[in-house]
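Structure first, then comments.
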Amino acid sequence: MADTGNSSSNITNTTDRSIYVTYSVVSCFAVVLCLLGLVGNAFVIWVLSFNIKRNKYTVYILNLAVADFIYLLFSAVVMFLMADQMINLRFQTRATLQALEVMYDFGYSAGMFFLTAISVERCLSVLFPIWYKCYRPKHLSAYSCGGIWLLGALLSLLDNFVCPAEAFEGMTIECTGVQVFSLVLTFVFVIPLMLVTSFILIYIVKTTSKKSRPPKIYVAIIVTVLVFLISVTPIRLLWFLLYFKSFTSKISALALFFTSTYCTLFNSSANPFIYFFVGRQRKKRFGGSINGALSRVFKDDDTEQSSGLDGNTSTTSMP
């Protein structure tokens with residue numbers, strides 16, 4: 001993730017007042033986007049916690065919504081403080097900014113891993129249906145979610161305490177190691193896993209019999225992963241280029257910070273709306289109730305369609 005402290009120093013050293021005004025407006029719009037995403041994810045959390053029977057997938061989706069909520073909440077605070085800093089020139093202490101960075105990096109990292117886990121879990125059910133139904137550990141989802149929260153916390157602490165703003169600018173050996181580790185984790189493990197699992201699910205959707213529509217959860221996972229790959233992956237690569245001094249202009253670095261922030265905010269805010277549009281009933285105006293749309297997406301589809309790569313193998317269609 002982008003380092004707020006690094007971006008704050010860029011703002012401090014910028015003398016053009018018009019830039020202050022421009023980016024304060026950009027920060028305010030980011031806060032509005034955060035609020036929209038917070039409302040959407042809060043509703044998903046409420047529906048999955050109280051209105052829908054828990055199954056293997058809703059455990060992951062619920063935790064993903066919580067992670068996105070955490071990221072959006074603390075990002076909104078950061079954007080608000082940055083707008084206040086640019087307008088009123090009131091600067092926050094480094095400890096305050098670092099605490100906020102730890103929290104929103106925690107939410108971002110956990111959300112990325114939850115999305116990867118959702119894709120992998122769904123593909124396991126497709127590729128190994130017998131194992132999945134008969135031998136899959138009963139509490140695998142809960143254990144996986146616990147491990148992901150722990151991993152997200154460790155990565156956030158590592159990034160913010162080993163590679164703070166000063167180390168980021170100075171390219172210390174420790175910070176370079178953290179950046180390389182993050183690069184490898186993102187582009188060697190996470191993104192390839194998302195791509196492979198997405199292609200498998202797309203293949204299943206394309207080869208499913210026309211008389212039997214694929215479970216809506218397939219479509220929701222595919223769209224959610226594609227939104228992540230399109231909105232976040234290029235920005236992550238650009239930030240690695242920024243670290244290795246591919247961008248020398250402070251204005252360019254600041255613009256990249258806000259661009260990356262908007263992309264990640266859009267990714268975290270979009271998921272609830274993806275679930276709604278995938279689950280809505282097309283024949284009804286406005287797609288029916290939001291609660292009903294989410295129920296159609298997250299209902300347990302184990303008895304509705306047996307998996308397999310043969311497009312002619314299917315069971316009862318979705319209602």
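Residue numbers start at 1 in each chain; chains themselves are named A, B, ... in the order of the structure tokens; ligands are numbered from 1 in the order shown.
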
Within 9 Å of stretch 191-199 of chain A, which residues of stretch 224-270 of chain A come that close, and what is the closest atom pair and distance in Å for each? Count only C-alpha atoms and give it as a Markdown table.
| residue | atom | partner | partner_atom | distance |
| --- | --- | --- | --- | --- |
| A:Val225 | CA | A:Met194 | CA | 6.8 |
| A:Leu226 | CA | A:Ser198 | CA | 8.0 |
| A:Leu229 | CA | A:Ile191 | CA | 7.5 |
| A:Thr233 | CA | A:Ile191 | CA | 8.1 |

Could you write those residues out with all heavy atoms, as a PDB file, in the first residue's frame?
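In the end it all went to out_15.pdb:
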ATOM      1  N   VAL A 225     -13.194 -10.712  -8.518  1.00  0.00           N
ATOM      2  CA  VAL A 225     -11.769 -10.905  -8.773  1.00  0.00           C
ATOM      3  C   VAL A 225     -11.303 -10.038  -9.937  1.00  0.00           C
ATOM      4  O   VAL A 225     -10.230  -9.414  -9.878  1.00  0.00           O
ATOM      5  CB  VAL A 225     -11.466 -12.392  -9.057  1.00  0.00           C
ATOM      6  CG1 VAL A 225     -10.033 -12.562  -9.560  1.00  0.00           C
ATOM      7  CG2 VAL A 225     -11.674 -13.222  -7.800  1.00  0.00           C
ATOM      8  N   LEU A 226     -12.097  -9.965 -10.994  1.00  0.00           N
ATOM      9  CA  LEU A 226     -11.718  -9.140 -12.149  1.00  0.00           C
ATOM     10  C   LEU A 226     -11.632  -7.665 -11.775  1.00  0.00           C
ATOM     11  O   LEU A 226     -10.726  -6.957 -12.228  1.00  0.00           O
ATOM     12  CB  LEU A 226     -12.717  -9.348 -13.289  1.00  0.00           C
ATOM     13  CG  LEU A 226     -12.672 -10.715 -13.984  1.00  0.00           C
ATOM     14  CD1 LEU A 226     -13.724 -10.788 -15.084  1.00  0.00           C
ATOM     15  CD2 LEU A 226     -11.282 -10.988 -14.562  1.00  0.00           C
ATOM     16  N   LEU A 229      -8.340  -7.255  -9.974  1.00  0.00           N
ATOM     17  CA  LEU A 229      -7.186  -7.329 -10.873  1.00  0.00           C
ATOM     18  C   LEU A 229      -7.056  -6.075 -11.729  1.00  0.00           C
ATOM     19  O   LEU A 229      -5.956  -5.575 -11.954  1.00  0.00           O
ATOM     20  CB  LEU A 229      -7.295  -8.565 -11.770  1.00  0.00           C
ATOM     21  CG  LEU A 229      -7.191  -9.925 -11.064  1.00  0.00           C
ATOM     22  CD1 LEU A 229      -7.457 -11.056 -12.037  1.00  0.00           C
ATOM     23  CD2 LEU A 229      -5.813 -10.091 -10.426  1.00  0.00           C
ATOM     24  N   THR A 233      -4.139  -4.152  -9.368  1.00  0.00           N
ATOM     25  CA  THR A 233      -2.858  -4.718  -9.811  1.00  0.00           C
ATOM     26  C   THR A 233      -1.943  -3.704 -10.493  1.00  0.00           C
ATOM     27  O   THR A 233      -0.755  -3.615 -10.138  1.00  0.00           O
ATOM     28  CB  THR A 233      -3.107  -5.913 -10.742  1.00  0.00           C
ATOM     29  OG1 THR A 233      -3.905  -6.881 -10.065  1.00  0.00           O
ATOM     30  CG2 THR A 233      -1.783  -6.542 -11.152  1.00  0.00           C
TER      31      THR A 233
END

Exercise for the section: Can you list, as a PyMOL selection string, all residues belonging to stretch 6-204 of chain A that DSSP tags as alpha helix (DSSP H)? Expected result: chain A and resi 6-12+17-50+56-88+94-127+129-134+140-162+165-170+173-184+191-204

Handout entry: stretch 122-124 of chain A environment, 12 Å, only C-alpha atoms, sequence neighbours closer than 2 positions dropped, as a PyMOL selection string
Key = chain A and resi 56-58+60+115-120+126-133+135-136+141+193-204+215+217-222+301-302+307-309

Practice task
Using only C-alpha atoms, pick whichever of A:Leu48, A:Ile290, A:Leu97, A:Leu150 has the shortest atom-to-atom distance to A:Val278.
Solution key: A:Ile290

Exercise for the section: Report the distance between atom CA of A:Ala153 and atom CA of A:Ser260 in Å, rounded to one decimal place. Expected result: 21.0 Å

Handout entry: Given only C-alpha atoms as the counted atoms, nearest of A:Ala110, A:Met171, A:Ala83, A:Val190 to A:Gly147
Key =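 Selected residue with least distance to A:Gly147: A:Ala110.
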
Practice task
Can you work out which one of A:Phe80, A:Trp239, A:Phe91, A:Trp149 has the shortest atom-to-atom distance to A:Phe106, counting only C-alpha atoms?
Solution key: A:Trp149

Exercise for the section: For stretch 25-32 of chain A, please output as JSON, numbers by chain all residues within 8 Å (counting only C-alpha atoms; exclusion window: fewer than 6 positions along the same chain). Expected result: {"A": [75, 76, 77, 79, 80, 82, 83, 258, 262, 265]}

Practice task
Would you mind reading off the distance between atom CA of A:Asp84 and atom CA of A:Tyr243, one decimal, in Å?
Solution key: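 Going from atom CA of A:Asp84 over to atom CA of A:Tyr243, I get 26.6 Å.
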
Fill in the blank from the handout: A straight line from atom CA of A:Cys145 to atom CA of A:Ala67 spans 10.9 Å

Handout entry: Residues near A:Ser109, cut-off 10 Å, only C-alpha atoms, skip fewer than 2 positions along chain, as a list in words
Key = Met1, Ala67, Asp68, Tyr71, Tyr104, Asp105, Phe106, Gly107, Gly111, Met112, Phe113, Phe114, Ile148, Trp149, Leu151, Gly152, Ala153, Leu154, Leu155 and Ser156 of chain A
